[in-house]
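A.B. asks: Have a peek at structure-v6.csv (CSV, C-alpha atoms).
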```csv
chain,number,residue,atom,x,y,z
A,16,MET,CA,-31.3,-101.0,13.7
A,17,GLU,CA,-28.8,-100.4,10.8
A,18,ASN,CA,-30.2,-99.7,7.4
A,19,TYR,CA,-29.6,-102.3,4.7
A,20,ARG,CA,-26.5,-101.4,2.7
A,21,HIS,CA,-26.3,-104.0,-0.1
A,22,ILE,CA,-29.5,-105.5,-1.4
A,23,LEU,CA,-29.4,-108.5,-3.8
A,24,ALA,CA,-32.4,-109.2,-6.1
A,25,ALA,CA,-32.4,-112.9,-7.2
A,26,VAL,CA,-34.1,-112.3,-10.5
A,27,ASP,CA,-36.1,-115.0,-12.2
A,28,LEU,CA,-36.5,-113.6,-15.7
A,29,ALA,CA,-39.9,-115.2,-16.1
A,30,PRO,CA,-42.2,-113.2,-18.4
A,31,GLY,CA,-44.6,-110.8,-16.9
A,32,GLU,CA,-44.1,-108.3,-14.1
A,33,ASP,CA,-41.0,-108.7,-11.9
A,34,PRO,CA,-41.9,-107.9,-8.3
A,35,VAL,CA,-38.6,-109.1,-7.0
A,36,THR,CA,-36.6,-106.5,-8.8
A,37,GLY,CA,-39.3,-103.9,-8.2
A,38,ARG,CA,-39.3,-104.5,-4.4
A,39,ALA,CA,-35.6,-104.7,-4.2
A,40,ALA,CA,-35.2,-101.4,-6.1
A,41,ALA,CA,-37.8,-99.7,-3.9
A,42,LEU,CA,-36.0,-100.8,-0.7
A,43,ALA,CA,-32.6,-99.8,-2.1
A,44,ARG,CA,-34.0,-96.3,-2.8
A,45,GLN,CA,-35.6,-96.1,0.6
A,46,TYR,CA,-32.4,-97.1,2.4
A,47,GLY,CA,-29.8,-95.6,0.0
A,48,ALA,CA,-28.4,-99.1,-0.4
A,49,ARG,CA,-26.4,-100.6,-3.2
A,50,LEU,CA,-28.4,-102.9,-5.5
A,51,SER,CA,-27.2,-105.9,-7.3
A,52,LEU,CA,-29.3,-108.0,-9.8
A,53,LEU,CA,-28.3,-111.6,-10.1
A,54,HIS,CA,-29.7,-114.2,-12.4
A,55,VAL,CA,-28.5,-117.8,-12.3
A,56,VAL,CA,-28.8,-119.9,-15.4
A,57,GLU,CA,-29.3,-123.4,-14.1
A,58,TYR,CA,-26.6,-125.8,-15.2
A,59,VAL,CA,-28.1,-128.7,-17.0
A,60,PRO,CA,-25.5,-131.4,-17.8
A,61,PRO,CA,-25.7,-133.0,-21.2
A,62,LEU,CA,-27.9,-136.1,-20.8
A,63,ASP,CA,-26.0,-138.4,-22.9
A,64,LEU,CA,-22.4,-137.5,-23.7
A,65,ALA,CA,-21.6,-140.9,-25.2
A,66,TYR,CA,-23.8,-140.2,-28.3
A,67,ASP,CA,-22.5,-136.8,-29.1
A,68,PRO,CA,-19.1,-136.1,-27.6
A,69,VAL,CA,-17.9,-133.8,-30.4
A,70,VAL,CA,-20.4,-131.0,-30.3
A,71,PRO,CA,-20.4,-129.3,-26.9
A,72,MET,CA,-24.1,-128.5,-27.2
A,73,GLY,CA,-24.6,-128.0,-23.4
A,74,VAL,CA,-22.0,-125.3,-23.2
A,75,ASP,CA,-23.3,-123.5,-26.2
A,76,ILE,CA,-26.8,-123.4,-24.9
A,77,GLU,CA,-25.6,-122.3,-21.5
A,78,ASN,CA,-23.6,-119.5,-23.1
A,79,GLN,CA,-26.6,-118.4,-25.1
A,80,LEU,CA,-28.9,-118.5,-22.0
A,81,MET,CA,-26.3,-116.4,-20.1
A,82,ASP,CA,-26.1,-113.8,-22.9
A,83,ARG,CA,-29.9,-113.6,-23.0
A,84,ALA,CA,-30.0,-113.2,-19.3
A,85,ARG,CA,-27.4,-110.4,-19.4
A,86,ALA,CA,-29.5,-108.6,-22.0
A,87,GLU,CA,-32.7,-109.0,-19.9
A,88,LEU,CA,-31.0,-107.7,-16.7
A,89,GLU,CA,-29.7,-104.7,-18.7
A,90,LYS,CA,-33.2,-103.9,-19.7
A,91,ARG,CA,-34.2,-103.7,-16.0
A,92,LEU,CA,-31.6,-101.0,-15.4
A,93,ALA,CA,-33.8,-98.6,-17.3
A,94,TRP,CA,-36.6,-98.6,-14.8
A,95,VAL,CA,-34.8,-99.7,-11.6
A,96,GLY,CA,-33.7,-96.1,-10.8
A,97,VAL,CA,-30.9,-96.9,-8.4
A,98,GLU,CA,-27.6,-95.4,-9.3
A,99,GLY,CA,-24.7,-97.8,-9.7
A,100,THR,CA,-26.9,-100.9,-9.9
A,101,GLN,CA,-24.8,-103.9,-11.1
A,102,THR,CA,-26.0,-106.9,-13.0
A,103,HIS,CA,-24.5,-110.4,-12.7
A,104,VAL,CA,-25.2,-113.7,-14.4
A,105,GLU,CA,-23.9,-117.0,-13.1
A,106,ALA,CA,-24.4,-120.6,-14.1
A,107,GLY,CA,-25.0,-123.3,-11.6
A,108,SER,CA,-27.4,-124.2,-8.8
A,109,PRO,CA,-29.5,-121.1,-8.2
A,110,LYS,CA,-29.6,-121.4,-4.4
A,111,ARG,CA,-25.9,-122.1,-4.1
A,112,GLU,CA,-24.9,-119.2,-6.4
A,113,ILE,CA,-27.2,-116.8,-4.7
A,114,VAL,CA,-25.9,-117.7,-1.3
A,115,ARG,CA,-22.3,-117.6,-2.5
A,116,PHE,CA,-22.8,-114.2,-4.1
A,117,ALA,CA,-24.3,-112.9,-0.9
A,118,ARG,CA,-21.4,-114.1,1.2
A,119,GLU,CA,-18.7,-112.8,-1.2
A,120,HIS,CA,-20.3,-109.4,-1.7
A,121,GLU,CA,-21.4,-108.6,1.9
A,122,VAL,CA,-25.1,-108.6,0.9
A,123,ASP,CA,-27.3,-107.9,4.0
A,124,LEU,CA,-30.7,-108.5,2.3
A,125,ILE,CA,-31.6,-111.0,-0.4
A,126,VAL,CA,-34.9,-110.6,-2.2
A,127,VAL,CA,-36.3,-113.8,-3.8
A,128,GLY,CA,-39.6,-114.7,-5.4
A,129,THR,CA,-41.8,-117.4,-3.8
A,130,HIS,CA,-43.4,-118.6,-7.0
A,131,GLY,CA,-40.8,-119.3,-9.6
A,132,ARG,CA,-40.2,-121.9,-12.1
A,133,HIS,CA,-39.9,-124.6,-9.5
A,134,GLY,CA,-42.6,-126.0,-7.3
A,135,LEU,CA,-45.8,-124.4,-8.6
A,136,SER,CA,-47.7,-126.5,-6.0
A,137,LEU,CA,-45.7,-124.9,-3.2
A,138,LEU,CA,-46.0,-121.2,-2.5
A,139,LEU,CA,-42.3,-121.3,-1.8
A,140,GLY,CA,-40.1,-122.6,-4.6
A,141,ALA,CA,-37.1,-124.8,-4.2
A,142,THR,CA,-34.7,-121.9,-4.8
A,143,ALA,CA,-36.4,-119.6,-2.3
A,144,ASN,CA,-36.5,-122.4,0.2
A,145,GLY,CA,-32.8,-123.2,-0.2
A,146,VAL,CA,-31.8,-119.6,0.0
A,147,LEU,CA,-33.8,-119.1,3.2
A,148,HIS,CA,-32.1,-122.0,4.8
A,149,HIS,CA,-28.5,-121.1,3.9
A,150,ALA,CA,-28.5,-117.3,3.6
A,151,PRO,CA,-25.9,-115.5,5.7
A,152,CYS,CA,-28.3,-112.5,6.0
A,153,ASP,CA,-31.9,-111.4,6.0
A,154,VAL,CA,-34.2,-112.7,3.2
A,155,LEU,CA,-37.3,-111.1,1.8
A,156,ALA,CA,-39.6,-113.6,0.1
A,157,VAL,CA,-41.8,-111.7,-2.3
A,158,ARG,CA,-45.0,-113.4,-3.5
A,159,ILE,CA,-45.3,-113.4,-7.2
A,160,PRO,CA,-49.0,-113.3,-8.2
A,161,GLU,CA,-50.4,-116.4,-10.0
A,162,GLU,CA,-51.0,-114.4,-13.2
A,163,ALA,CA,-47.3,-113.4,-13.5
A,164,GLY,CA,-44.3,-115.7,-13.7
A,165,ASP,CA,-46.1,-118.6,-15.5
A,166,GLY,CA,-45.6,-117.2,-18.9
B,25,MET,CA,-44.6,-101.2,-6.8
B,26,GLU,CA,-47.0,-100.3,-4.0
B,27,ASN,CA,-45.6,-99.5,-0.6
B,28,TYR,CA,-46.3,-101.9,2.3
B,29,ARG,CA,-49.4,-100.7,4.2
B,30,HIS,CA,-49.7,-103.1,7.2
B,31,ILE,CA,-46.6,-104.8,8.6
B,32,LEU,CA,-46.8,-107.6,11.1
B,33,ALA,CA,-43.9,-108.3,13.5
B,34,ALA,CA,-44.1,-111.9,14.8
B,35,VAL,CA,-42.4,-111.2,18.1
B,36,ASP,CA,-40.5,-114.0,19.9
B,37,LEU,CA,-40.0,-112.3,23.3
B,38,ALA,CA,-36.7,-114.1,23.8
B,39,PRO,CA,-34.3,-112.2,26.0
B,40,GLY,CA,-31.8,-109.9,24.3
B,41,GLU,CA,-32.2,-107.6,21.4
B,42,ASP,CA,-35.3,-107.9,19.2
B,43,PRO,CA,-34.3,-107.4,15.6
B,44,VAL,CA,-37.7,-108.5,14.4
B,45,THR,CA,-39.5,-105.7,16.0
B,46,GLY,CA,-36.7,-103.3,15.2
B,47,ARG,CA,-36.7,-104.1,11.5
B,48,ALA,CA,-40.5,-104.1,11.3
B,49,ALA,CA,-40.6,-100.7,13.0
B,50,ALA,CA,-37.9,-99.3,10.7
B,51,LEU,CA,-39.8,-100.5,7.6
B,52,ALA,CA,-43.2,-99.2,8.9
B,53,ARG,CA,-41.6,-95.7,9.4
B,54,GLN,CA,-40.0,-95.8,6.0
B,55,TYR,CA,-43.2,-96.8,4.3
B,56,GLY,CA,-45.7,-94.9,6.5
B,57,ALA,CA,-47.3,-98.3,7.2
B,58,ARG,CA,-49.4,-99.6,10.1
B,59,LEU,CA,-47.5,-101.8,12.5
B,60,SER,CA,-48.9,-104.7,14.5
B,61,LEU,CA,-46.9,-106.7,17.1
B,62,LEU,CA,-48.1,-110.2,17.6
B,63,HIS,CA,-46.8,-112.8,20.1
B,64,VAL,CA,-48.3,-116.3,20.1
B,65,VAL,CA,-48.1,-118.2,23.4
B,66,GLU,CA,-47.8,-121.8,22.2
B,67,TYR,CA,-50.6,-123.9,23.5
B,68,VAL,CA,-49.3,-126.9,25.4
B,69,PRO,CA,-52.1,-129.3,26.3
B,70,PRO,CA,-51.9,-130.8,29.8
B,71,LEU,CA,-49.9,-134.0,29.5
B,72,ASP,CA,-52.1,-136.2,31.7
B,73,LEU,CA,-55.6,-135.0,32.4
B,74,ALA,CA,-56.6,-138.2,34.0
B,75,TYR,CA,-54.4,-137.6,37.0
B,76,ASP,CA,-55.4,-134.1,37.7
B,77,PRO,CA,-58.7,-133.2,36.2
B,78,VAL,CA,-59.8,-130.7,38.8
B,79,VAL,CA,-57.1,-128.1,38.7
B,80,PRO,CA,-57.0,-126.5,35.3
B,81,MET,CA,-53.3,-125.8,35.6
B,82,GLY,CA,-52.7,-125.6,31.8
B,83,VAL,CA,-55.2,-122.7,31.4
B,84,ASP,CA,-53.8,-120.9,34.4
B,85,ILE,CA,-50.2,-121.0,33.1
B,86,GLU,CA,-51.4,-120.1,29.6
B,87,ASN,CA,-53.2,-117.0,31.0
B,88,GLN,CA,-50.1,-116.0,33.0
B,89,LEU,CA,-47.9,-116.4,29.9
B,90,MET,CA,-50.4,-114.3,27.9
B,91,ASP,CA,-50.4,-111.5,30.5
B,92,ARG,CA,-46.6,-111.5,30.6
B,93,ALA,CA,-46.5,-111.3,26.8
B,94,ARG,CA,-48.9,-108.4,26.8
B,95,ALA,CA,-46.7,-106.6,29.3
B,96,GLU,CA,-43.6,-107.3,27.2
B,97,LEU,CA,-45.2,-106.1,24.0
B,98,GLU,CA,-46.3,-102.9,25.8
B,99,LYS,CA,-42.7,-102.2,26.7
B,100,ARG,CA,-41.7,-102.3,23.1
B,101,LEU,CA,-44.2,-99.5,22.2
B,102,ALA,CA,-41.8,-97.1,24.0
B,103,TRP,CA,-39.0,-97.5,21.5
B,104,VAL,CA,-40.9,-98.6,18.4
B,105,GLY,CA,-41.8,-95.0,17.4
B,106,VAL,CA,-44.6,-95.9,15.0
B,107,GLU,CA,-47.9,-94.1,15.8
B,108,GLY,CA,-50.9,-96.3,16.3
B,109,THR,CA,-48.9,-99.5,16.8
B,110,GLN,CA,-51.2,-102.3,18.1
B,111,THR,CA,-50.1,-105.2,20.2
B,112,HIS,CA,-51.8,-108.6,20.1
B,113,VAL,CA,-51.3,-111.8,22.0
B,114,GLU,CA,-52.8,-115.1,20.9
B,115,ALA,CA,-52.5,-118.7,22.1
B,116,GLY,CA,-52.1,-121.6,19.8
B,117,SER,CA,-49.8,-122.8,17.1
B,118,PRO,CA,-47.5,-119.8,16.2
B,119,LYS,CA,-47.4,-120.4,12.5
B,120,ARG,CA,-51.2,-120.9,12.2
B,121,GLU,CA,-52.0,-117.8,14.4
B,122,ILE,CA,-49.5,-115.6,12.5
B,123,VAL,CA,-50.8,-116.6,9.1
B,124,ARG,CA,-54.4,-116.3,10.3
B,125,PHE,CA,-53.8,-112.8,11.7
B,126,ALA,CA,-52.2,-111.8,8.5
B,127,ARG,CA,-55.2,-112.9,6.5
B,128,GLU,CA,-57.8,-111.4,8.8
B,129,HIS,CA,-56.0,-108.0,9.0
B,130,GLU,CA,-54.8,-107.5,5.4
B,131,VAL,CA,-51.2,-107.7,6.4
B,132,ASP,CA,-48.9,-107.3,3.4
B,133,LEU,CA,-45.6,-108.0,5.0
B,134,ILE,CA,-44.8,-110.4,7.9
B,135,VAL,CA,-41.5,-110.0,9.7
B,136,VAL,CA,-40.2,-113.2,11.4
B,137,GLY,CA,-37.0,-114.2,13.1
B,138,THR,CA,-35.0,-117.1,11.7
B,139,HIS,CA,-33.4,-118.2,14.9
B,140,GLY,CA,-36.1,-118.7,17.5
B,141,ARG,CA,-36.8,-121.2,20.2
B,142,HIS,CA,-37.3,-124.0,17.7
B,143,GLY,CA,-34.7,-125.6,15.6
B,144,LEU,CA,-31.4,-124.2,16.8
B,145,SER,CA,-29.6,-126.4,14.4
B,146,LEU,CA,-31.5,-124.9,11.5
B,147,LEU,CA,-31.0,-121.3,10.6
B,148,LEU,CA,-34.7,-121.2,9.9
B,149,GLY,CA,-37.0,-122.1,12.8
B,150,ALA,CA,-40.1,-124.2,12.4
B,151,THR,CA,-42.3,-121.1,12.9
B,152,ALA,CA,-40.6,-119.1,10.3
B,153,ASN,CA,-40.6,-122.0,7.9
B,154,GLY,CA,-44.4,-122.6,8.4
B,155,VAL,CA,-45.1,-118.9,8.0
B,156,LEU,CA,-43.1,-118.8,4.8
B,157,HIS,CA,-45.0,-121.7,3.3
B,158,HIS,CA,-48.4,-120.5,4.2
B,159,ALA,CA,-48.3,-116.7,4.3
B,160,PRO,CA,-50.8,-114.8,2.1
B,161,CYS,CA,-48.2,-112.1,1.6
B,162,ASP,CA,-44.5,-111.2,1.6
B,163,VAL,CA,-42.3,-112.5,4.4
B,164,LEU,CA,-39.1,-110.9,5.7
B,165,ALA,CA,-36.9,-113.5,7.5
B,166,VAL,CA,-34.6,-111.6,9.9
B,167,ARG,CA,-31.5,-113.4,11.1
B,168,ILE,CA,-31.2,-113.2,14.8
B,169,PRO,CA,-27.5,-113.3,15.8
B,170,GLU,CA,-26.4,-116.3,17.8
B,171,GLU,CA,-25.6,-114.2,20.9
B,172,ALA,CA,-29.3,-113.0,21.1
B,173,GLY,CA,-32.3,-115.1,21.4
B,174,ASP,CA,-30.8,-118.1,23.3
B,175,GLY,CA,-31.5,-116.5,26.6
```
Can the structure in the file be given as structure tokens, please?
C.D. replies:
Amino acid sequence: MENYRHILAAVDLAPGEDPVTGRAAALARQYGARLSLLHVVEYVPPLDLAYDPVVPMGVDIENQLMDRARAELEKRLAWVGVEGTQTHVEAGSPKREIVRFAREHEVDLIVVGTHGRHGLSLLLGATANGVLHHAPCDVLAVRIPEEAGDG
Amino acid sequence: MENYRHILAAVDLAPGEDPVTGRAAALARQYGARLSLLHVVEYVPPLDLAYDPVVPMGVDIENQLMDRARAELEKRLAWVGVEGTQTHVEAGSPKREIVRFAREHEVDLIVVGTHGRHGLSLLLGATANGVLHHAPCDVLAVRIPEEAGDG
């Protein structure tokens, strides 16, 4: 049984504790694995381009969200404690981007939260579900306690 | 981030390598956690009781399958290498029994295979899917390579 070599934490950035990053970091330390933190800013297309075609509001908001996500991921580096940890922010469909990142970077373990912004009624959010069905590697679904993650 | 204390391997007993037990054992060693191996013999009710009510064939086959499963799990103890590992065989619905065992024994990580006897067209089998949606704890979905597990 080979040790995991590249662990990807699919970070949600919800307020409160972040057990996904915590668990991924603990495993990376245990296994001496590389650690990557990825946050995906969900792409929301402008609802009505016809009324406001001049100001590219959607793009601007997306860029702001990406900048904020980069800053949030950088903060995590302080307590992650895994040398060489890299942070990545993408925009698009979270499950697609997570799976694509995993394929392109030879990730062998993806860590996702099972109580994210989507699907509060399900223990398993839409993102975690999609990742689980399409991942090219092992997936650890970490339960996020009810207190955390809801803001 | 607390270490895992009780890891449950939901063992499939398909021929070939057993990455579920292997991965669960490796994690138990890393974390100094208890390890339990559970196999669930799926309960298949007799199809037509009216025609053969005297011979309880279903029960007999079920008992034989459970005995065989116990022997298979015992074999794994030889290479698992985690002191105090316990083996359990249940009959019923795999996802229900796995989740019930986890609740009753304070399991904090369930390890399941994502390519079992069910749903070869899906990467994630019905059992793994059910466990993921109902588990009271973290779940590690281990990909079983195509070569293994098909018998």
A.B. asks: Quick one: residues within 8 Å of (-25.3, -100.9, -8.7) (file frame), counting all atoms listed in the file, please, as a PyMOL selection string.
C.D. replies: chain A and resi 49-51+97-102
A.B. asks: Using all atoms listed in the file and a distance of at most 8 Å, pull out the residues of chain A that contact chain B, as a list in words.
C.D. replies: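 Here they are: Met16, Pro34, Gly37, Arg38, Ala41, Gln45, Leu137, Leu138, Leu139, Leu147, His148, His149, Cys152, Asp153, Val154, Leu155, Ala156, Val157 and Arg158 of chain A.
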A.B. asks: Choose the residue, out of B:Asp132, B:Glu114, B:Glu96, B:Glu121, that has the smallest atom-to-atom separation from Thr151 (chain B); count all atoms listed in the file.
C.D. replies: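 Of B:Asp132, B:Glu114, B:Glu96, B:Glu121, the one nearest Thr151 (chain B), counting all atoms listed in the file, is B:Glu121.
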A.B. asks: Any idea what the distance is between CA of Arg29 (chain B) and CA of Glu130 (chain B)?
C.D. replies: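 Separation of CA of Arg29 (chain B) and CA of Glu130 (chain B): 8.8 Å.
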A.B. asks: B:Leu61, B:Ala150, B:Val113, B:Val136: which is nearest Arg100 (chain B), counting only C-alpha atoms?
C.D. replies: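 Using only C-alpha atoms, Arg100 (chain B) sits closest to B:Leu61.
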A.B. asks: Between B:Gly105, B:Gly40, B:Arg124, B:Asn87, single out the one closest to Arg53 (chain B), counting all atoms listed in the file.
C.D. replies: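 When distances to Arg53 (chain B) are compared using all atoms listed in the file, the smallest one comes from B:Gly105.
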A.B. asks: From the list A:Arg118, A:His103, A:Lys110, A:His21, which residue is nearest Asp82 (chain A) when using only C-alpha atoms?
C.D. replies: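 Checking each candidate against Asp82 (chain A), we get A:His103 as the closest.
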A.B. asks: Which residue out of A:Ala29, A:Ala39, A:Leu80, A:Ile113 has the minimum interatomic distance to Leu53 (chain A) when all atoms listed in the file are used?
C.D. replies: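 Distance minimum relative to Leu53 (chain A) lands on A:Ile113.
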